[in-house]
Amino acid sequence: MPLKAVILIGGPQKGTRFRPLSFEVPKPLFPVAGVPMVQHHIEACAKVPGMKEILLMGFYQPNEALSRFLVSAQQEFKVPIRYLQEYAALGTGGGIYHFRDQILSGGAEAFFVLNADVCSEFPLQEMLEFRQQHGDMHSFVILGTTANRTQALNYGCIVANAGTQEVQHYVEKPSTFVSEIINCGIYLFTPAIFQHIGEVFQRNQQELALEESSNGWQRAEVIRLEQDVFTALAGSGKLYVYKTDGFWSQIKSAGSAIYASRLYLNQYSKSHPERLAQNKPGGPVIRGNVYIHPTASIDSTAVLGPNVSIGEGVTVGAGVRVRESIVLHGASLHDHTCVLNTIVGWDSTIGRWARVEGTPSDPNPNDPYAKIDSETLFRDGRLTPSITILGCSVTIPAEVVILNSIVLPHKELSRSYKNQIIL
Amino acid sequence: MGEVWGQEGGCWGDTPGWIRHGYAGREAPCAFGCVWMGRAGSSRGTGRGMPGWTRAGPGTAGRVKIRRDWGLGRDAGTGRGGASRTRALGSPRPCGVAHGRAAGPLALARDLLAEDGEPFFVLNSDVICEFPFAALARFHRQHGGEGSLVVTRVEEPAKYGVVVCEADTGRICRFVEKPRVFVSNKINAGLYIFSPGILQRIQLRPTSIEKEIFPAMAQDGQLYAMELQGFWMDIGQPKDFLTGMCMYLQALRAQHPEKLHSGPGVVGNVLVDPSAKIGANCVIGPNVTIGAGVVVEDGVRIKRCTVLEGARIRSHSWLESCIVGWSCSVGQWVRMENVTVLGEDVIVNDELYLNGANVLPHKSIAESVPEPRIIM
C-alpha cells in the first residue's frame with residue numbers, strides 16, 4: 001500500500017522555548033542523541049514498507065542547514081524527501097490542507113503526520129496493523145500514551161471506548177481532568193481527512209465573512225488539527241486511538257532535549273549499537289550510554305556518561321567529567337572540567353577546572369507515566385533552576401562555576417554565575 | 001608539633017561549638033603547629049623552651065597542665081635549656097571557662113602558678129601572630145607592674161577590647177571592651193604576662209579578665225601595654241582563620257622561606273608536611289597548608305585552604321578558601337569554595353559543589369550545597 005509521511009517542523013516563530021539554541025540552527029535539526037531531532041522521525045518512516053515519500057512541512061525560509069540535511073538524509077535512507085514551505089504559519093492542519101495535492105500525489109492511500117518536536121519509538125507499523133484490526137480502511141488513528149492525572153491537562157486528552165478504541169471525546173489542554181490518555185502528536189490519516197479539514201476551512205471563512213476583522217483572509221486558512229478537527233471527529237466513529245507504552249516525550253525546552261537524548265540513547269542498544277561508545281584501552285572511561293562523533297578527540301583520562309552526546313570535532317581534555325549533557329560541534333572542554341546537566345553550544349570553550357552545571361527537569365522516575373514538565377522560566381520572581389545552556393561560541397574562563405544559567409551566544413564570561421540569564 | 005596551650009577563651013563566633021571542640025581536644029592545625037614549633041624552638045620532644053602557662057578549655061574543663069621554663073633572656077623562638085616540669089591537676093568541676101570568663105581557671109591553678117613567685121604568661125589561643133615572648137617578659141620586668149599585655153593596631157577596633165595607654169611608658173589608662181564609639185585603634189591582642197600578685201585579685205568564680213580584672217588594674221596603674229610588631233589575627237571564625245593563615249605564611253616567607261614548599265605546580269606561599277603526597281598535574285597555592293599524611297590526587301587545584309592531617313582530596317577537584325578537617329575524604333571533581341568547613345571524618349561524594357557549607361564531623365555529603373548553610 002503506497003504511504004507517505006508528513007513531518008511538521010514549524011518555523012522560527014515557533015519553538016521559542018528552545019532559545020538560545022534555536023538561534024543557530026532550526027529546532028528540528030538540533031542534535032538529539034547525536035543526530036538531528038527530525039532524523040529519528042525520518043528513519044522510522046523510511047522503515048515502513050511502502051513509504052513513497054517523506055515531506056517536511058514548515059515555514060522556515062530555505063536555509064543551507066536544512067537543504068544539506070535533506071540531501072544527506074535522502075542518500076542515507078533511500079527515500080525521496082522534500083521540504084514544503086508554508087507561506088505563513090498555517091497551524092497543524094492548515095499546512096497539510098494547503099499541500100493536500102502534493103501529499104496525495106502518486107496515489108497515496110494513507111499518510112502519517114508527525115510533529116517534529118516529539119521523541120518516540122514511532123510504532124508506525126503497529127498503527128497500520130491496528131487500523132486494520134479495529135477500524136476500516138477509512139478511519140484515522142491517533143497515537144496515544146498514558147500520562148498521570150495532573151500532567152495530562154497539559155496535552156490533548158482522549159476519551160476512548162475501552163473495547164473498540166474509538167475516540168469518543170477529545171479536548172486539547174483541558175482545565176479539569178478528562179482522561180489520562182494523551183495525544184502523542186503522531187497520526188495516521190487517509191485522504192478523507194481533507195474533507196473534514198475542508199469543512200473547518202469553510203466554516204472559518206463563513207465566520208470571517210460575518211466578522212470584520214483586520215487579519216482577514218489569513219485566518220481562514222489557519223487550521224488546528226487538534227482543536228478544530230479532532231474535537232469535531234470525536235464520537236463520529238471515524239477516529240481511533242492506538243495506545244502505546246513505548247517511550248514518548250515532547251521536546252519543548254533544552255532540558256527536554258537532554259531527556260529525549262537519554263531515551264534515544266537507550267534505544268540505540270537495540271537499534272543502533274554501533275552509535276554507542278564502548279570502553280576501550282587507551283580510550284576514555286564510558287559509563288552508561290554515550291554517543292561520541294568519530295571526529296571528536298577525547299583524552300583517555302576523561303570520564304563520560306551516562307547520557308552524554310559528543311558532537312563533531314569536539315575536544316575533551318584530561319580528567320574531564322561529563323554527565324547528562326550534550327556537547328555540540330566544535331566545542332572544547334579543557335582539563336579537569338566538570339560538565340553536568342548542560343548543553344555546551346557549538347564552538348564554545350570551557351576553561352580548566354571550571355564547573356558548568358545545570359539542574360535536571362526529569363520526570364519523576366517513580367511514576368511510569370510522568371512526563372517532563374515544561375517549567376516556566378521564572379517562578380516567584382526567580383529563575384527556575386534548570387539545565388545550563390551555553391549558546392554558540394561562548395567562552396567560560398578557568399576555575400569558575402556556572403550554575404543553572406543560560407548564556408547567550410558569543411559571550412565571553414569573566415567570573416562565576418549562578419541562576420542567571422547572561423545576555 | 002606543639003600543642004595548643006592557652007586559654008580557650010575565644011569561640012568560633014558564628015560557627016557552632018563542635019568545631020571549637022574539634023580543635024580544642026587536638027593538636028593545632030599544621031600551620032599553627034609550625035608556629036608553635038617556631039615559637040617554642042626546641043620544645044620538640046623535650047618540652048623545654050616553652051614559657052609557663054595554664055591551659056583551660058571547654059573540652060578539658062578543670063584539667064590544667066603547666067609547663068614552665070624560665071630560659072628567658074633569649075628569644076623564645078629558639079629557647080633552649082632550663083628545666084621543665086609538667087603537672088596535671090584534676091578538678092572536680094569546671095571553673096568557668098565559658099567565653100570571656102577566662103580568669104576563673106587561673107584561680108584554680110593559683111597554687112601552681114604562684115609556686116615559685118615568677119611571672120607567668122596567659123594566651124588566648126584564638127590568635128595568631130609572631131609571639132614575642134622574650135620581648136614581653138623583658139618589658140614586664142622593666143616596668144614592674146602586675147601585668148602586661150600585648151596590643152596591636154587594627155582597622156576595626158570596635159570588634160575587640162580597645163586599649164588607651166600613655167605613649168611613653170605604655171601604662172594603660174583605660175580599657176574599654178568593644179566600644180561603641182571610636183576610642184583608639186589599639187586593641188588587646190590576647191597575650192598577657194602577669195606577676196603572681198594578680199592572683200589575689202581573682203576569686204574562684206566565673207570571672208572575666210577583660211571586663212573585671214583589667215579595668216581595676218588599669219585604675220591602679222598596674223597594667224602596661226606593649227605594641228606588637230608584625231601581623232596579628234583573631235582566628236576565632238573560619239573566615240578569619242584562613243586570613244590569619246595567609247598572614248602567617250607571608251611572615252614565614254620573610255623569615256624562613258626554606259620551610260615553604262616549592263616545585264612544579266606550586267604557586268605562592270605553600271606549606272606541605274613532608275609526609276603528605278601530592279599527585280601529578282596539581283596546582284597548589286597560593287596560601288595553602290597541607291598537613292601530615294594528606295593525599296592529594298592528580299589534577300587537583302587548591303587555593304587559600306587548610307587541609308588537616310590524614311585528609312584525602314581525590315582527583316580533578318577544585319578547592320578555594322576551605323578548611324578540610326582531619327581524615328576527610330573529598331571525592332573526584334568536587335568544587336568547594338567560599339569558606340566551606342569540613343569537620344573531622346567527613347566524606348564528600350564525587351562531582352558535588354559545596355558553597356560555604358559548614359559540615360559537622362562524621363557526616364557524608366551526597367548532594368551539592370549551592371548556598372551557604374550548616375549541615376548537621
# chains A, B, ... in the order shown; residues from 1 in each chain; ligands from 1

call {"tool": "select_by_dssp", "arguments": {"residues": "segment 259-293 of chain A", "states": "strand (DSSP E or B)", "output": "NGL selection string"}}
result
:A and (285-286 or 290-292)

call {"tool": "interface_residues", "arguments": {"of": "chain A", "to": "chain B", "cutoff": "7 Å", "atoms": "only C-alpha atoms", "output": "tab-separated table (two decimals) with N, CA, C and O atoms, in the first residue's frame"}}
result
chain	number	residue	atom	x	y	z
A	319	GLY	N	41.18	14.38	32.37
A	319	GLY	CA	40.47	14.45	33.64
A	319	GLY	C	39.15	15.20	33.57
A	319	GLY	O	38.71	15.77	34.56
A	336	HIS	N	40.32	18.89	33.44
A	336	HIS	CA	39.73	18.84	34.79
A	336	HIS	C	38.37	19.52	34.89
A	336	HIS	O	37.90	19.75	36.00
A	338	CYS	N	34.26	19.99	34.81
A	338	CYS	CA	33.17	19.11	35.23
A	338	CYS	C	31.90	19.69	34.61
A	338	CYS	O	31.53	20.81	34.92
A	353	TRP	N	39.45	23.40	35.06
A	353	TRP	CA	38.85	23.29	36.38
A	353	TRP	C	37.51	24.03	36.50
A	353	TRP	O	37.00	24.19	37.61

call {"tool": "select_by_dssp", "arguments": {"residues": "segment 208-253 of chain B", "states": "helix (DSSP H, G or I)", "output": "ChimeraX atom specification"}}
result
/B:209-219,238-253

call {"tool": "write_last_selection", "arguments": {"atoms": "C-alpha atoms", "output": "mmCIF file, in the first residue's frame"}}
result
data_model
loop_
_atom_site.group_PDB
_atom_site.id
_atom_site.type_symbol
_atom_site.label_atom_id
_atom_site.label_comp_id
_atom_site.auth_asym_id
_atom_site.auth_seq_id
_atom_site.Cartn_x
_atom_site.Cartn_y
_atom_site.Cartn_z
ATOM 1 C CA ILE B 209 39.783 39.112 82.954
ATOM 2 C CA GLU B 210 38.984 41.771 80.406
ATOM 3 C CA LYS B 211 35.800 43.050 81.991
ATOM 4 C CA GLU B 212 36.516 42.792 85.699
ATOM 5 C CA ILE B 213 40.223 42.473 86.431
ATOM 6 C CA PHE B 214 41.802 44.702 83.810
ATOM 7 C CA PRO B 215 39.794 47.824 84.455
ATOM 8 C CA ALA B 216 40.675 47.598 88.125
ATOM 9 C CA MET B 217 44.328 47.040 87.372
ATOM 10 C CA ALA B 218 44.352 49.973 84.965
ATOM 11 C CA GLN B 219 42.899 52.211 87.602
ATOM 12 C CA PRO B 238 36.837 30.108 59.933
ATOM 13 C CA LYS B 239 36.946 33.078 57.576
ATOM 14 C CA ASP B 240 39.431 34.832 59.831
ATOM 15 C CA PHE B 241 41.314 31.605 60.393
ATOM 16 C CA LEU B 242 42.100 31.494 56.690
ATOM 17 C CA THR B 243 43.109 35.154 56.662
ATOM 18 C CA GLY B 244 45.377 34.525 59.633
ATOM 19 C CA MET B 245 46.834 31.545 57.843
ATOM 20 C CA CYS B 246 47.684 33.753 54.850
ATOM 21 C CA MET B 247 49.360 36.281 57.141
ATOM 22 C CA TYR B 248 51.302 33.579 58.877
ATOM 23 C CA LEU B 249 52.546 32.146 55.586
ATOM 24 C CA GLN B 250 53.586 35.576 54.453
ATOM 25 C CA ALA B 251 55.597 36.059 57.628
ATOM 26 C CA LEU B 252 57.145 32.644 57.112
ATOM 27 C CA ARG B 253 58.165 33.635 53.592
#

call {"tool": "atom_distance", "arguments": {"atom1": "atom CA of Val163 of chain B", "atom2": "atom CA of Gly197 of chain B"}}
result
21.9 Å

call {"tool": "atom_distance", "arguments": {"atom1": "atom CA of Ile396 of chain A", "atom2": "atom CA of Pro12 of chain A"}}
result
28.1 Å

call {"tool": "residues_around", "arguments": {"residues": "Ile374 of chain B", "least_positions_apart": "6", "cutoff": "7 Å", "atoms": "only C-alpha atoms", "output": "PyMOL selection string"}}
result
chain B and resi 357-359

call {"tool": "write_last_selection", "arguments": {"atoms": "N, CA and C atoms", "output": "PDB file, in the first residue's frame"}}
result
ATOM      1  N   ALA B 357      29.585  25.610  52.776  1.00  0.00           N
ATOM      2  CA  ALA B 357      28.948  24.597  53.621  1.00  0.00           C
ATOM      3  C   ALA B 357      29.759  24.435  54.904  1.00  0.00           C
ATOM      4  N   ASN B 358      29.090  24.370  56.050  1.00  0.00           N
ATOM      5  CA  ASN B 358      29.735  24.037  57.320  1.00  0.00           C
ATOM      6  C   ASN B 358      29.269  22.645  57.691  1.00  0.00           C
ATOM      7  N   VAL B 359      30.151  21.659  57.612  1.00  0.00           N
ATOM      8  CA  VAL B 359      29.713  20.277  57.758  1.00  0.00           C
ATOM      9  C   VAL B 359      30.223  19.700  59.060  1.00  0.00           C
TER      10      VAL B 359
END

call {"tool": "residues_around", "arguments": {"residues": "Gly145 of chain B", "least_positions_apart": "4", "cutoff": "10 Å", "atoms": "only C-alpha atoms", "output": "list in words"}}
result
Phe139, His140, Arg141, Arg171, Phe194, Ser195, Gly197, Ile198, Met217, Asp220, Gly221, Gln222, Leu223 and Tyr224 of chain B

call {"tool": "residues_around", "arguments": {"residues": "Ile202 of chain B", "least_positions_apart": "2", "cutoff": "8 Å", "atoms": "only C-alpha atoms", "output": "CSV table (one decimal) with all heavy atoms, in the first residue's frame"}}
result
chain,number,residue,atom,x,y,z
B,103,ALA,N,39.3,34.1,83.6
B,103,ALA,CA,40.1,34.3,84.7
B,103,ALA,C,40.0,33.2,85.7
B,103,ALA,O,40.9,32.8,86.5
B,103,ALA,CB,39.8,35.6,85.4
B,104,GLY,N,38.8,32.5,85.7
B,104,GLY,CA,38.5,31.5,86.7
B,104,GLY,C,39.5,30.4,86.8
B,104,GLY,O,40.0,30.1,87.9
B,106,LEU,N,42.5,30.5,86.2
B,106,LEU,CA,43.8,31.0,86.8
B,106,LEU,C,43.7,30.8,88.3
B,106,LEU,O,44.7,30.4,89.0
B,106,LEU,CB,44.0,32.4,86.5
B,106,LEU,CG,44.3,32.8,85.0
B,106,LEU,CD1,44.6,34.2,84.8
B,106,LEU,CD2,45.4,31.9,84.5
B,107,ALA,N,42.5,31.1,88.8
B,107,ALA,CA,42.4,31.0,90.3
B,107,ALA,C,42.5,29.5,90.7
B,107,ALA,O,43.1,29.2,91.7
B,107,ALA,CB,41.0,31.5,90.7
B,198,ILE,N,48.7,39.1,90.9
B,198,ILE,CA,47.4,39.3,90.3
B,198,ILE,C,46.4,38.3,90.8
B,198,ILE,O,45.2,38.5,90.8
B,198,ILE,CB,47.5,39.2,88.7
B,198,ILE,CG1,46.2,39.7,88.1
B,198,ILE,CG2,47.7,37.7,88.3
B,198,ILE,CD1,46.2,39.6,86.6
B,199,LEU,N,46.9,37.1,91.2
B,199,LEU,CA,46.0,36.1,91.6
B,199,LEU,C,45.2,36.5,92.8
B,199,LEU,O,44.1,36.0,93.1
B,199,LEU,CB,46.8,34.8,92.0
B,199,LEU,CG,47.4,34.2,90.7
B,199,LEU,CD1,48.4,33.1,91.1
B,199,LEU,CD2,46.3,33.6,89.8
B,200,GLN,N,45.7,37.5,93.6
B,200,GLN,CA,44.9,37.9,94.7
B,200,GLN,C,43.7,38.7,94.2
B,200,GLN,O,42.7,38.9,95.0
B,200,GLN,CB,45.7,38.8,95.6
B,200,GLN,CG,46.8,37.9,96.2
B,200,GLN,CD,47.8,38.7,97.0
B,200,GLN,OE1,47.6,39.8,97.2
B,200,GLN,NE2,48.9,38.0,97.2
B,204,LEU,N,37.7,32.6,93.1
B,204,LEU,CA,37.4,31.4,92.4
B,204,LEU,C,35.9,31.3,92.0
B,204,LEU,O,35.1,30.7,92.7
B,204,LEU,CB,37.7,30.2,93.3
B,204,LEU,CG,37.6,28.8,92.6
B,204,LEU,CD1,38.5,28.8,91.4
B,204,LEU,CD2,38.0,27.7,93.5
B,207,THR,N,35.0,34.5,86.2
B,207,THR,CA,35.5,35.9,86.2
B,207,THR,C,36.0,36.2,84.8
B,207,THR,O,36.7,35.4,84.2
B,207,THR,CB,36.7,36.0,87.1
B,207,THR,OG1,36.3,35.3,88.3
B,207,THR,CG2,37.0,37.5,87.4
B,213,ILE,N,38.9,42.3,85.8
B,213,ILE,CA,40.2,42.5,86.4
B,213,ILE,C,41.0,43.6,85.8
B,213,ILE,O,41.5,44.5,86.5
B,213,ILE,CB,41.0,41.2,86.3
B,213,ILE,CG1,40.2,40.0,86.7
B,213,ILE,CG2,42.3,41.2,87.0
B,213,ILE,CD1,39.8,40.0,88.1

call {"tool": "residues_around", "arguments": {"residues": "segment 144-146 of chain A", "least_positions_apart": "3", "cutoff": "8 Å", "atoms": "only C-alpha atoms", "output": "ChimeraX atom specification"}}
result
/A:158,180-184,241-245,248,369

call {"tool": "residues_around", "arguments": {"residues": "Cys322 of chain B", "least_positions_apart": "5", "cutoff": "7 Å", "atoms": "only C-alpha atoms", "output": "number ranges by chain"}}
result
B: 305-306, 336-341

call {"tool": "closest_residue", "arguments": {"among": "A:Leu90, A:Val118, A:Tyr97, A:Gln74", "to": "Arg219 of chain A", "atoms": "only C-alpha atoms"}}
result
A:Leu90
